[in-house]
$ cat coords-v4.tsv   # TSV, C-alpha atoms
chain	number	residue	atom	x	y	z
Q	3	MET	CA	-27.74	29.24	-92.66
Q	4	PRO	CA	-25.40	30.47	-95.48
Q	5	GLU	CA	-23.60	32.68	-92.95
Q	6	THR	CA	-23.02	29.68	-90.68
Q	7	ILE	CA	-21.74	27.57	-93.59
Q	8	ASP	CA	-19.38	30.37	-94.66
Q	9	LEU	CA	-17.94	30.57	-91.13
Q	10	LEU	CA	-17.50	26.80	-90.94
Q	11	LEU	CA	-15.81	26.64	-94.36
Q	12	LYS	CA	-13.50	29.48	-93.38
Q	13	GLU	CA	-12.58	27.61	-90.19
Q	14	LEU	CA	-11.91	24.47	-92.24
Q	15	LYS	CA	-9.81	26.52	-94.70
Q	16	LEU	CA	-11.96	25.64	-97.71
Q	17	PRO	CA	-12.18	28.99	-99.54
Q	18	THR	CA	-13.19	27.49	-102.88
Q	19	PHE	CA	-16.08	25.65	-101.22
Q	20	SER	CA	-17.19	28.96	-99.75
Q	21	ARG	CA	-17.09	30.75	-103.11
Q	22	HIS	CA	-18.78	28.06	-105.18
Q	23	TYR	CA	-21.03	25.86	-103.06
Q	24	GLN	CA	-24.14	27.87	-103.90
Q	25	SER	CA	-23.56	27.79	-107.67
Q	26	HIS	CA	-22.80	24.05	-107.48
Q	27	GLN	CA	-25.98	23.60	-105.43
Q	28	ALA	CA	-28.04	25.39	-108.09
Q	29	GLN	CA	-26.48	23.25	-110.81
Q	30	ALA	CA	-27.11	20.06	-108.79
Q	31	ILE	CA	-30.79	20.96	-108.33
Q	32	ASP	CA	-31.17	21.90	-112.00
Q	33	LYS	CA	-29.58	18.69	-113.30
Q	34	GLY	CA	-30.81	16.39	-110.56
Q	35	TYR	CA	-27.36	15.54	-109.19
Q	36	GLY	CA	-27.20	13.63	-105.93
Q	37	HIS	CA	-25.25	14.66	-102.84
Q	38	ILE	CA	-22.17	12.61	-103.80
Q	39	ARG	CA	-21.83	14.23	-107.22
Q	40	TYR	CA	-22.47	17.67	-105.74
Q	41	LEU	CA	-19.77	17.16	-103.11
Q	42	SER	CA	-17.39	15.59	-105.63
Q	43	GLY	CA	-17.68	18.63	-107.91
Q	44	LEU	CA	-16.86	20.99	-105.05
Q	45	CYS	CA	-13.87	18.85	-104.00
Q	46	GLU	CA	-12.52	18.80	-107.56
Q	47	GLN	CA	-12.74	22.58	-107.80
Q	48	GLU	CA	-11.04	23.02	-104.41
Q	49	VAL	CA	-8.17	20.75	-105.47
Q	50	ALA	CA	-7.82	22.51	-108.85
Q	51	ASP	CA	-7.77	25.97	-107.25
Q	52	ARG	CA	-5.18	24.89	-104.68
Q	53	TYR	CA	-3.01	23.44	-107.42
Q	54	GLN	CA	-3.12	26.66	-109.46
Q	55	LYS	CA	-2.28	28.78	-106.42
Q	56	ARG	CA	0.61	26.50	-105.50
Q	57	VAL	CA	2.03	26.63	-109.05
Q	58	GLN	CA	1.79	30.43	-109.06
Q	59	LYS	CA	3.45	30.72	-105.65
Q	60	TRP	CA	6.23	28.25	-106.40
Q	61	THR	CA	6.87	29.86	-109.81
Q	62	ARG	CA	7.32	33.27	-108.16
Q	63	GLU	CA	9.68	31.96	-105.51
Q	64	ALA	CA	11.67	29.84	-108.01
Q	65	GLY	CA	13.03	32.99	-109.67
Q	66	LEU	CA	13.29	31.39	-113.11
Q	67	PRO	CA	14.51	33.62	-115.94
Q	68	PRO	CA	11.50	35.00	-117.84
Q	69	GLY	CA	10.60	33.80	-121.31
Q	70	LYS	CA	12.41	30.46	-121.07
Q	71	SER	CA	9.91	27.60	-121.22
Q	72	PHE	CA	9.08	24.59	-123.35
Q	73	ALA	CA	6.51	26.73	-125.16
Q	74	ASN	CA	9.26	28.78	-126.84
Q	75	LEU	CA	12.10	26.24	-126.85
Q	76	ILE	CA	12.89	25.44	-130.49
Q	77	LEU	CA	13.70	21.75	-130.17
Q	78	PRO	CA	14.59	21.23	-133.88
Q	79	GLU	CA	17.61	23.48	-133.31
Q	80	LEU	CA	19.02	20.73	-131.10
Q	81	SER	CA	20.50	17.40	-132.17
Q	82	ALA	CA	18.21	14.37	-132.25
Q	83	SER	CA	19.93	12.79	-129.23
Q	84	VAL	CA	19.63	15.98	-127.16
Q	85	GLN	CA	15.97	16.36	-128.18
Q	86	GLN	CA	15.31	12.82	-126.99
Q	87	GLN	CA	16.97	13.48	-123.61
Q	88	VAL	CA	15.13	16.77	-123.08
Q	89	ILE	CA	11.75	15.31	-124.04
Q	90	GLY	CA	12.45	12.37	-121.74
Q	91	LEU	CA	12.94	14.75	-118.82
Q	92	LYS	CA	9.94	16.93	-119.63
Q	93	ASP	CA	7.27	14.81	-117.98
Q	94	GLN	CA	9.40	12.67	-115.68
Q	95	THR	CA	9.94	13.25	-111.97
Q	96	ASP	CA	11.42	9.88	-110.97
Q	97	TRP	CA	14.94	11.30	-111.16
Q	98	VAL	CA	13.95	14.01	-108.68
Q	99	HIS	CA	12.53	11.57	-106.16
Q	100	ASP	CA	15.74	9.55	-106.51
Q	101	ALA	CA	17.84	12.70	-105.88
Q	102	GLY	CA	19.26	12.51	-109.38
Q	103	ASN	CA	20.92	15.39	-111.22
Q	104	VAL	CA	20.82	16.91	-114.71
Q	105	LEU	CA	23.96	18.37	-116.25
Q	106	LEU	CA	23.81	20.58	-119.32
Q	107	LEU	CA	27.23	21.03	-120.91
Q	108	GLY	CA	28.16	23.03	-123.99
Q	109	PRO	CA	29.51	26.33	-125.31
Q	110	SER	CA	27.87	29.66	-124.63
Q	111	GLY	CA	24.59	30.39	-126.37
Q	112	VAL	CA	23.45	26.87	-127.29
Q	113	GLY	CA	20.39	26.94	-125.02
Q	114	LYS	CA	21.57	25.32	-121.80
Q	115	SER	CA	19.93	27.87	-119.50
Q	116	HIS	CA	16.73	27.83	-121.55
Q	117	ILE	CA	16.48	24.04	-121.26
Q	118	ALA	CA	17.25	24.18	-117.53
Q	119	ALA	CA	14.54	26.80	-116.98
Q	120	ALA	CA	12.04	24.87	-119.11
Q	121	ILE	CA	12.63	21.67	-117.14
Q	122	ALA	CA	12.39	23.59	-113.85
Q	123	GLY	CA	9.11	25.21	-114.87
Q	124	GLN	CA	7.68	21.84	-115.89
Q	125	LEU	CA	8.72	20.35	-112.54
Q	126	ILE	CA	6.81	23.06	-110.68
Q	127	GLU	CA	3.68	22.10	-112.62
Q	128	GLN	CA	4.28	18.53	-111.42
Q	129	SER	CA	4.37	19.68	-107.78
Q	130	VAL	CA	8.15	19.77	-107.40
Q	131	ARG	CA	9.59	22.77	-105.57
Q	132	VAL	CA	12.47	24.46	-107.42
Q	133	LYS	CA	14.88	27.37	-106.90
Q	134	TRP	CA	17.11	29.03	-109.52
Q	135	PHE	CA	20.54	30.47	-108.77
Q	136	SER	CA	23.36	31.80	-110.86
Q	137	ALA	CA	26.42	29.91	-109.62
Q	138	VAL	CA	28.13	33.18	-108.69
Q	139	ALA	CA	25.17	34.40	-106.61
Q	140	LEU	CA	24.82	31.04	-104.86
Q	141	VAL	CA	28.50	30.87	-103.96
Q	142	GLN	CA	28.54	34.46	-102.72
Q	143	SER	CA	25.52	33.73	-100.53
Q	144	LEU	CA	27.15	30.60	-99.12
Q	145	GLN	CA	30.40	32.44	-98.52
Q	146	GLN	CA	28.59	35.08	-96.51
Q	147	ALA	CA	26.85	32.36	-94.51
Q	148	LYS	CA	30.21	30.73	-93.80
Q	149	ARG	CA	31.66	34.04	-92.59
Q	150	ASP	CA	28.64	34.32	-90.31
Q	151	LEU	CA	29.24	30.72	-89.12
Q	152	ASP	CA	25.84	29.75	-90.56
Q	153	LEU	CA	26.86	27.70	-93.60
Q	154	MET	CA	25.14	24.48	-92.51
Q	155	ILE	CA	21.98	26.38	-91.61
Q	156	ALA	CA	22.01	28.11	-95.02
Q	157	MET	CA	22.46	24.82	-96.91
Q	158	THR	CA	19.81	23.08	-94.80
Q	159	ARG	CA	17.40	25.94	-95.54
Q	160	LEU	CA	17.77	25.13	-99.25
Q	161	ASP	CA	16.75	21.52	-98.62
Q	162	LYS	CA	13.08	22.55	-98.84
Q	163	TYR	CA	13.67	22.78	-102.60
Q	164	GLN	CA	13.73	19.34	-104.19
Q	165	VAL	CA	15.62	20.78	-107.17
Q	166	LEU	CA	18.18	23.59	-107.22
Q	167	VAL	CA	19.28	25.03	-110.56
Q	168	VAL	CA	22.90	26.24	-110.60
Q	169	ASP	CA	23.46	28.22	-113.79
Q	170	ASP	CA	26.91	28.84	-115.30
Q	171	ILE	CA	29.02	26.99	-112.75
Q	172	GLY	CA	32.13	27.81	-114.78
Q	173	TYR	CA	31.88	31.50	-113.87
Q	174	VAL	CA	32.62	30.92	-110.20
Q	175	LYS	CA	35.83	32.72	-109.24
Q	176	LYS	CA	38.74	30.40	-108.61
Q	177	THR	CA	39.51	31.48	-105.05
Q	178	ASP	CA	39.97	28.85	-102.35
Q	179	ALA	CA	37.09	30.29	-100.33
Q	180	GLU	CA	34.62	30.09	-103.22
Q	181	THR	CA	35.60	26.63	-104.42
Q	182	GLN	CA	35.50	25.31	-100.84
Q	183	VAL	CA	31.91	26.41	-100.19
Q	184	LEU	CA	30.88	25.18	-103.64
Q	185	PHE	CA	32.33	21.76	-102.87
Q	186	GLU	CA	30.66	21.68	-99.45
Q	187	PHE	CA	27.35	22.56	-101.11
Q	188	ILE	CA	27.71	19.76	-103.69
Q	189	ALA	CA	28.63	17.29	-100.94
Q	190	HIS	CA	25.63	18.40	-98.86
Q	191	ARG	CA	23.18	17.87	-101.76
Q	192	TYR	CA	24.66	14.50	-102.72
Q	193	GLU	CA	21.90	11.85	-102.67
Q	194	SER	CA	19.64	14.16	-100.64
Q	195	GLY	CA	18.44	16.64	-103.26
Q	196	SER	CA	18.65	17.20	-107.01
Q	197	LEU	CA	20.70	19.68	-108.99
Q	198	ILE	CA	20.34	21.01	-112.51
Q	199	ILE	CA	23.74	22.42	-113.46
Q	200	THR	CA	24.76	24.29	-116.61
Q	201	SER	CA	28.38	24.69	-117.58
Q	202	ASN	CA	30.31	26.07	-120.54
Q	203	GLN	CA	33.17	23.74	-119.63
Q	204	PRO	CA	33.41	19.97	-120.15
Q	205	PHE	CA	34.45	17.85	-117.19
Q	206	SER	CA	38.02	17.78	-118.51
Q	207	GLN	CA	38.24	21.51	-117.74
Q	208	TRP	CA	36.61	21.46	-114.31
Q	209	ASP	CA	40.06	21.63	-112.73
Q	210	GLN	CA	39.71	25.33	-113.64
Q	211	ILE	CA	36.77	25.50	-111.21
Q	212	PHE	CA	38.31	23.40	-108.45
Q	213	PRO	CA	42.07	24.04	-108.29
Q	214	ASP	CA	42.70	20.92	-106.23
Q	215	THR	CA	42.65	17.74	-108.34
Q	216	MET	CA	41.21	15.57	-105.57
Q	217	MET	CA	38.44	18.09	-104.95
Q	218	THR	CA	37.66	18.21	-108.68
Q	219	VAL	CA	37.38	14.42	-108.91
Q	220	ALA	CA	35.29	14.20	-105.73
Q	221	ALA	CA	32.91	16.96	-106.90
Q	222	ILE	CA	32.42	15.42	-110.35
Q	223	ASP	CA	31.95	11.95	-108.84
Q	224	ARG	CA	29.13	13.20	-106.60
Q	225	ILE	CA	27.44	15.17	-109.37
Q	226	ILE	CA	27.48	12.50	-112.09
Q	227	HIS	CA	26.31	9.70	-109.81
Q	228	HIS	CA	22.59	9.24	-110.70
Q	229	ALA	CA	22.91	11.98	-113.35
Q	230	THR	CA	21.55	12.65	-116.83
Q	231	ILE	CA	24.32	14.35	-118.81
Q	232	ILE	CA	23.23	16.39	-121.82
Q	233	GLU	CA	26.07	17.57	-124.04
Q	234	ILE	CA	25.01	20.25	-126.50
Q	235	GLU	CA	27.18	21.09	-129.47
Q	236	GLY	CA	26.82	23.50	-132.35
Q	237	GLU	CA	26.69	27.17	-133.11
Q	238	SER	CA	25.35	29.74	-130.67
Q	239	TYR	CA	21.54	29.72	-130.67
Q	240	ARG	CA	21.55	33.47	-129.98
Q	241	LYS	CA	23.88	34.06	-132.94
Q	242	LYS	CA	21.64	32.06	-135.29
Q	243	GLN	CA	18.54	33.94	-134.14
Q	244	SER	CA	20.37	37.25	-134.64
Q	245	LEU	CA	21.39	36.26	-138.19
Q	246	LYS	CA	17.79	35.28	-139.01
Q	247	LYS	CA	16.61	38.72	-137.92
$ encode --input "coords-v4.tsv" --output "structure tokens"
Amino acid sequence: MPETIDLLLKELKLPTFSRHYQSHQAQAIDKGYGHIRYLSGLCEQEVADRYQKRVQKWTREAGLPPGKSFANLILPELSASVQQQVIGLKDQTDWVHDAGNVLLLGPSGVGKSHIAAAIAGQLIEQSVRVKWFSAVALVQSLQQAKRDLDLMIAMTRLDKYQVLVVDDIGYVKKTDAETQVLFEFIAHRYESGSLIITSNQPFSQWDQIFPDTMMTVAAIDRIIHHATIIEIEGESYRKKQSLKK
């Protein structure tokens, strides 16, 4: 009989049931649990195991920078208003389901990438699929796809990720080819998927990213619509940590 049950559970793709049904059965007999409680316990363990495996898989594929999570984000280093915005995003996913964006603006070293990675990691734990890109790597990949006449296919392939993190958008080279694919990417994601973008440059300097004024305005308009904008000021976080050491 156990062999038959194992085969049936394998066919039904219930590996946790297969591993634990006998121990749950022994516990149910020992404590006098009925069939409903016995089955409920197995279902709960199956769901929990699937969740953990999904989080592990999605974390690997997300490619988040290591060591950047809420566990080691020193919130008191940030202003009260920024803390409030970051905490507000920590356990919220409504903005993702509404295809909203998050923009982190500020000088180098103030923790923009750390906050972006922490939010992304938290989203994965809330069953949101995420992918991290440096802006340069993303644009280079899209450029290659465009040369191969596969740009739309490449952008559509990224649609499986509800949130895409684009880190350091200001470092994109200012060539027409790069800015064009970046704009096409932003237009493609508009109101269909979410972006978390970090930038060392305020919007007033984004004409250095997009050389054409109309393109700059159109890109910013699409990004800030349904967006949470977090402006971080202050001294470099890395510099302060170095001085403490």
$ atom_distance --input "coords-v4.tsv" --atom1 "atom CA of Thr200 of chain Q" --atom2 "atom CA of Val174 of chain Q"
12.1 Å
$ residues_around --input "coords-v4.tsv" --residues "Phe205 of chain Q" --least-positions-apart "5" --cutoff "12 Å" --atoms "only C-alpha atoms" --output "PDB file with C-alpha atoms, in the coordinates of the input"
ATOM      1  CA  LEU Q 105      23.960  18.370-116.250  1.00  0.00           C
ATOM      2  CA  LEU Q 106      23.810  20.580-119.320  1.00  0.00           C
ATOM      3  CA  LEU Q 107      27.230  21.030-120.910  1.00  0.00           C
ATOM      4  CA  GLY Q 108      28.160  23.030-123.990  1.00  0.00           C
ATOM      5  CA  ILE Q 171      29.020  26.990-112.750  1.00  0.00           C
ATOM      6  CA  GLY Q 172      32.130  27.810-114.780  1.00  0.00           C
ATOM      7  CA  THR Q 200      24.760  24.290-116.610  1.00  0.00           C
ATOM      8  CA  GLN Q 210      39.710  25.330-113.640  1.00  0.00           C
ATOM      9  CA  ILE Q 211      36.770  25.500-111.210  1.00  0.00           C
ATOM     10  CA  PHE Q 212      38.310  23.400-108.450  1.00  0.00           C
ATOM     11  CA  THR Q 218      37.660  18.210-108.680  1.00  0.00           C
ATOM     12  CA  VAL Q 219      37.380  14.420-108.910  1.00  0.00           C
ATOM     13  CA  ALA Q 221      32.910  16.960-106.900  1.00  0.00           C
ATOM     14  CA  ILE Q 222      32.420  15.420-110.350  1.00  0.00           C
ATOM     15  CA  ASP Q 223      31.950  11.950-108.840  1.00  0.00           C
ATOM     16  CA  ILE Q 225      27.440  15.170-109.370  1.00  0.00           C
ATOM     17  CA  ILE Q 226      27.480  12.500-112.090  1.00  0.00           C
ATOM     18  CA  ILE Q 231      24.320  14.350-118.810  1.00  0.00           C
ATOM     19  CA  GLU Q 233      26.070  17.570-124.040  1.00  0.00           C
TER      20      GLU Q 233
END
$ atom_distance --input "coords-v4.tsv" --atom1 "atom CA of Asp93 of chain Q" --atom2 "atom CA of Gln164 of chain Q"
15.9 Å
$ closest_residue --input "coords-v4.tsv" --among "Q:Tyr35, Q:Phe19, Q:Trp97, Q:Trp208" --to "Leu125 of chain Q" --atoms "all atoms listed in the file"
Q:Trp97
$ residues_around --input "coords-v4.tsv" --residues "Phe135 of chain Q" --least-positions-apart "3" --cutoff "7 Å" --atoms "only C-alpha atoms" --output "PDB file with C-alpha atoms, keeping the file's coordinate frame"
ATOM      1  CA  ALA Q 139      25.170  34.400-106.610  1.00  0.00           C
ATOM      2  CA  LEU Q 140      24.820  31.040-104.860  1.00  0.00           C
ATOM      3  CA  VAL Q 167      19.280  25.030-110.560  1.00  0.00           C
ATOM      4  CA  VAL Q 168      22.900  26.240-110.600  1.00  0.00           C
ATOM      5  CA  ASP Q 169      23.460  28.220-113.790  1.00  0.00           C
TER       6      ASP Q 169
END
$ closest_residue --input "coords-v4.tsv" --among "Q:Ile232, Q:Ile126, Q:Gln47, Q:Ser115" --to "Val88 of chain Q" --atoms "only C-alpha atoms"
Q:Ile232
$ residues_around --input "coords-v4.tsv" --residues "Gln87 of chain Q" --least-positions-apart "4" --cutoff "9 Å" --atoms "all atoms listed in the file" --output "count of residues only"
7
$ residues_around --input "coords-v4.tsv" --residues "Gly236 of chain Q" --least-positions-apart "5" --cutoff "12 Å" --atoms "only C-alpha atoms" --output "VMD selection string"
chain Q and resid 79 to 81 84 107 to 114 241 to 242
$ atom_distance --input "coords-v4.tsv" --atom1 "atom CA of Pro204 of chain Q" --atom2 "atom CA of Pro68 of chain Q"
26.7 Å
$ closest_residue --input "coords-v4.tsv" --among "Q:Ala120, Q:Tyr53, Q:Ile31, Q:Arg39" --to "Asn74 of chain Q" --atoms "all atoms listed in the file"
Q:Ala120
$ closest_residue --input "coords-v4.tsv" --among "Q:Leu184, Q:Val165, Q:Ala119, Q:Ala101" --to "Leu144 of chain Q" --atoms "all atoms listed in the file"
Q:Leu184
$ residues_around --input "coords-v4.tsv" --residues "Lys59 of chain Q" --least-positions-apart "5" --cutoff "12 Å" --atoms "all atoms listed in the file" --output "PyMOL selection string"
chain Q and resi 52-54+64-65+126-127+129+131-133
$ decode --input "coords-v4.tsv" --residues "segment 181-217 of chain Q" --atoms "N, CA and C atoms" --output "PDB file, in the first residue's frame"
ATOM      1  N   THR Q 181      20.257  55.368 -25.928  1.00  0.00           N
ATOM      2  CA  THR Q 181      19.117  56.102 -25.390  1.00  0.00           C
ATOM      3  C   THR Q 181      17.823  55.689 -26.085  1.00  0.00           C
ATOM      4  N   GLN Q 182      17.894  55.317 -27.363  1.00  0.00           N
ATOM      5  CA  GLN Q 182      16.696  54.905 -28.083  1.00  0.00           C
ATOM      6  C   GLN Q 182      16.129  53.601 -27.519  1.00  0.00           C
ATOM      7  N   VAL Q 183      16.992  52.603 -27.293  1.00  0.00           N
ATOM      8  CA  VAL Q 183      16.481  51.336 -26.761  1.00  0.00           C
ATOM      9  C   VAL Q 183      16.009  51.505 -25.317  1.00  0.00           C
ATOM     10  N   LEU Q 184      16.672  52.388 -24.567  1.00  0.00           N
ATOM     11  CA  LEU Q 184      16.241  52.644 -23.197  1.00  0.00           C
ATOM     12  C   LEU Q 184      14.846  53.267 -23.195  1.00  0.00           C
ATOM     13  N   PHE Q 185      14.624  54.215 -24.098  1.00  0.00           N
ATOM     14  CA  PHE Q 185      13.305  54.835 -24.180  1.00  0.00           C
ATOM     15  C   PHE Q 185      12.253  53.813 -24.619  1.00  0.00           C
ATOM     16  N   GLU Q 186      12.575  52.981 -25.584  1.00  0.00           N
ATOM     17  CA  GLU Q 186      11.626  51.967 -26.040  1.00  0.00           C
ATOM     18  C   GLU Q 186      11.288  50.996 -24.906  1.00  0.00           C
ATOM     19  N   PHE Q 187      12.287  50.678 -24.095  1.00  0.00           N
ATOM     20  CA  PHE Q 187      12.060  49.790 -22.948  1.00  0.00           C
ATOM     21  C   PHE Q 187      11.115  50.443 -21.942  1.00  0.00           C
ATOM     22  N   ILE Q 188      11.353  51.713 -21.616  1.00  0.00           N
ATOM     23  CA  ILE Q 188      10.500  52.433 -20.665  1.00  0.00           C
ATOM     24  C   ILE Q 188       9.073  52.524 -21.202  1.00  0.00           C
ATOM     25  N   ALA Q 189       8.931  52.808 -22.487  1.00  0.00           N
ATOM     26  CA  ALA Q 189       7.605  52.895 -23.100  1.00  0.00           C
ATOM     27  C   ALA Q 189       6.901  51.542 -23.071  1.00  0.00           C
ATOM     28  N   HIS Q 190       7.664  50.465 -23.272  1.00  0.00           N
ATOM     29  CA  HIS Q 190       7.084  49.118 -23.272  1.00  0.00           C
ATOM     30  C   HIS Q 190       6.564  48.750 -21.891  1.00  0.00           C
ATOM     31  N   ARG Q 191       7.299  49.135 -20.838  1.00  0.00           N
ATOM     32  CA  ARG Q 191       6.894  48.769 -19.465  1.00  0.00           C
ATOM     33  C   ARG Q 191       5.779  49.665 -18.935  1.00  0.00           C
ATOM     34  N   TYR Q 192       5.542  50.800 -19.568  1.00  0.00           N
ATOM     35  CA  TYR Q 192       4.592  51.774 -19.057  1.00  0.00           C
ATOM     36  C   TYR Q 192       3.211  51.153 -18.860  1.00  0.00           C
ATOM     37  N   GLU Q 193       2.734  51.185 -17.611  1.00  0.00           N
ATOM     38  CA  GLU Q 193       1.426  50.682 -17.206  1.00  0.00           C
ATOM     39  C   GLU Q 193       1.220  49.187 -17.487  1.00  0.00           C
ATOM     40  N   SER Q 194       2.315  48.465 -17.733  1.00  0.00           N
ATOM     41  CA  SER Q 194       2.200  47.013 -17.911  1.00  0.00           C
ATOM     42  C   SER Q 194       3.073  46.254 -16.918  1.00  0.00           C
ATOM     43  N   GLY Q 195       4.096  46.900 -16.396  1.00  0.00           N
ATOM     44  CA  GLY Q 195       4.983  46.273 -15.424  1.00  0.00           C
ATOM     45  C   GLY Q 195       5.686  47.342 -14.610  1.00  0.00           C
ATOM     46  N   SER Q 196       6.190  46.985 -13.459  1.00  0.00           N
ATOM     47  CA  SER Q 196       6.794  47.952 -12.545  1.00  0.00           C
ATOM     48  C   SER Q 196       8.312  48.035 -12.708  1.00  0.00           C
ATOM     49  N   LEU Q 197       8.826  49.214 -12.393  1.00  0.00           N
ATOM     50  CA  LEU Q 197      10.268  49.457 -12.400  1.00  0.00           C
ATOM     51  C   LEU Q 197      10.687  50.021 -11.046  1.00  0.00           C
ATOM     52  N   ILE Q 198      11.848  49.578 -10.581  1.00  0.00           N
ATOM     53  CA  ILE Q 198      12.539  50.262  -9.489  1.00  0.00           C
ATOM     54  C   ILE Q 198      13.811  50.827 -10.125  1.00  0.00           C
ATOM     55  N   ILE Q 199      13.951  52.132 -10.120  1.00  0.00           N
ATOM     56  CA  ILE Q 199      15.070  52.783 -10.804  1.00  0.00           C
ATOM     57  C   ILE Q 199      15.887  53.568  -9.790  1.00  0.00           C
ATOM     58  N   THR Q 200      17.208  53.424  -9.847  1.00  0.00           N
ATOM     59  CA  THR Q 200      18.087  54.271  -9.039  1.00  0.00           C
ATOM     60  C   THR Q 200      18.851  55.203  -9.973  1.00  0.00           C
ATOM     61  N   SER Q 201      19.072  56.415  -9.495  1.00  0.00           N
ATOM     62  CA  SER Q 201      19.779  57.396 -10.323  1.00  0.00           C
ATOM     63  C   SER Q 201      20.530  58.384  -9.443  1.00  0.00           C
ATOM     64  N   ASN Q 202      21.765  58.685  -9.840  1.00  0.00           N
ATOM     65  CA  ASN Q 202      22.544  59.715  -9.156  1.00  0.00           C
ATOM     66  C   ASN Q 202      22.104  61.116  -9.567  1.00  0.00           C
ATOM     67  N   GLN Q 203      21.298  61.189 -10.623  1.00  0.00           N
ATOM     68  CA  GLN Q 203      20.938  62.488 -11.184  1.00  0.00           C
ATOM     69  C   GLN Q 203      19.469  62.816 -10.921  1.00  0.00           C
ATOM     70  N   PRO Q 204      19.184  64.057 -10.513  1.00  0.00           N
ATOM     71  CA  PRO Q 204      17.782  64.475 -10.390  1.00  0.00           C
ATOM     72  C   PRO Q 204      17.166  64.604 -11.779  1.00  0.00           C
ATOM     73  N   PHE Q 205      15.847  64.708 -11.826  1.00  0.00           N
ATOM     74  CA  PHE Q 205      15.170  64.791 -13.117  1.00  0.00           C
ATOM     75  C   PHE Q 205      15.675  65.968 -13.957  1.00  0.00           C
ATOM     76  N   SER Q 206      16.077  67.036 -13.282  1.00  0.00           N
ATOM     77  CA  SER Q 206      16.537  68.222 -14.015  1.00  0.00           C
ATOM     78  C   SER Q 206      17.787  67.942 -14.845  1.00  0.00           C
ATOM     79  N   GLN Q 207      18.483  66.837 -14.525  1.00  0.00           N
ATOM     80  CA  GLN Q 207      19.701  66.495 -15.268  1.00  0.00           C
ATOM     81  C   GLN Q 207      19.515  65.288 -16.188  1.00  0.00           C
ATOM     82  N   TRP Q 208      18.270  64.816 -16.327  1.00  0.00           N
ATOM     83  CA  TRP Q 208      18.049  63.642 -17.167  1.00  0.00           C
ATOM     84  C   TRP Q 208      18.208  63.945 -18.655  1.00  0.00           C
ATOM     85  N   ASP Q 209      18.331  65.225 -19.004  1.00  0.00           N
ATOM     86  CA  ASP Q 209      18.635  65.536 -20.404  1.00  0.00           C
ATOM     87  C   ASP Q 209      20.055  65.082 -20.752  1.00  0.00           C
ATOM     88  N   GLN Q 210      20.843  64.727 -19.710  1.00  0.00           N
ATOM     89  CA  GLN Q 210      22.169  64.154 -19.961  1.00  0.00           C
ATOM     90  C   GLN Q 210      22.073  62.667 -20.301  1.00  0.00           C
ATOM     91  N   ILE Q 211      20.926  62.054 -19.973  1.00  0.00           N
ATOM     92  CA  ILE Q 211      20.697  60.653 -20.330  1.00  0.00           C
ATOM     93  C   ILE Q 211      20.046  60.572 -21.704  1.00  0.00           C
ATOM     94  N   PHE Q 212      19.012  61.394 -21.888  1.00  0.00           N
ATOM     95  CA  PHE Q 212      18.304  61.439 -23.169  1.00  0.00           C
ATOM     96  C   PHE Q 212      18.623  62.778 -23.836  1.00  0.00           C
ATOM     97  N   PRO Q 213      19.423  62.771 -24.880  1.00  0.00           N
ATOM     98  CA  PRO Q 213      19.870  64.036 -25.486  1.00  0.00           C
ATOM     99  C   PRO Q 213      18.748  64.837 -26.129  1.00  0.00           C
ATOM    100  N   ASP Q 214      17.669  64.171 -26.492  1.00  0.00           N
ATOM    101  CA  ASP Q 214      16.546  64.856 -27.111  1.00  0.00           C
ATOM    102  C   ASP Q 214      15.566  65.292 -26.018  1.00  0.00           C
ATOM    103  N   THR Q 215      15.225  66.585 -25.982  1.00  0.00           N
ATOM    104  CA  THR Q 215      14.368  67.121 -24.926  1.00  0.00           C
ATOM    105  C   THR Q 215      13.002  66.439 -24.895  1.00  0.00           C
ATOM    106  N   MET Q 216      12.407  66.232 -26.053  1.00  0.00           N
ATOM    107  CA  MET Q 216      11.087  65.604 -26.101  1.00  0.00           C
ATOM    108  C   MET Q 216      11.137  64.177 -25.582  1.00  0.00           C
ATOM    109  N   MET Q 217      12.230  63.472 -25.892  1.00  0.00           N
ATOM    110  CA  MET Q 217      12.387  62.107 -25.404  1.00  0.00           C
ATOM    111  C   MET Q 217      12.562  62.101 -23.883  1.00  0.00           C
TER     112      MET Q 217
END
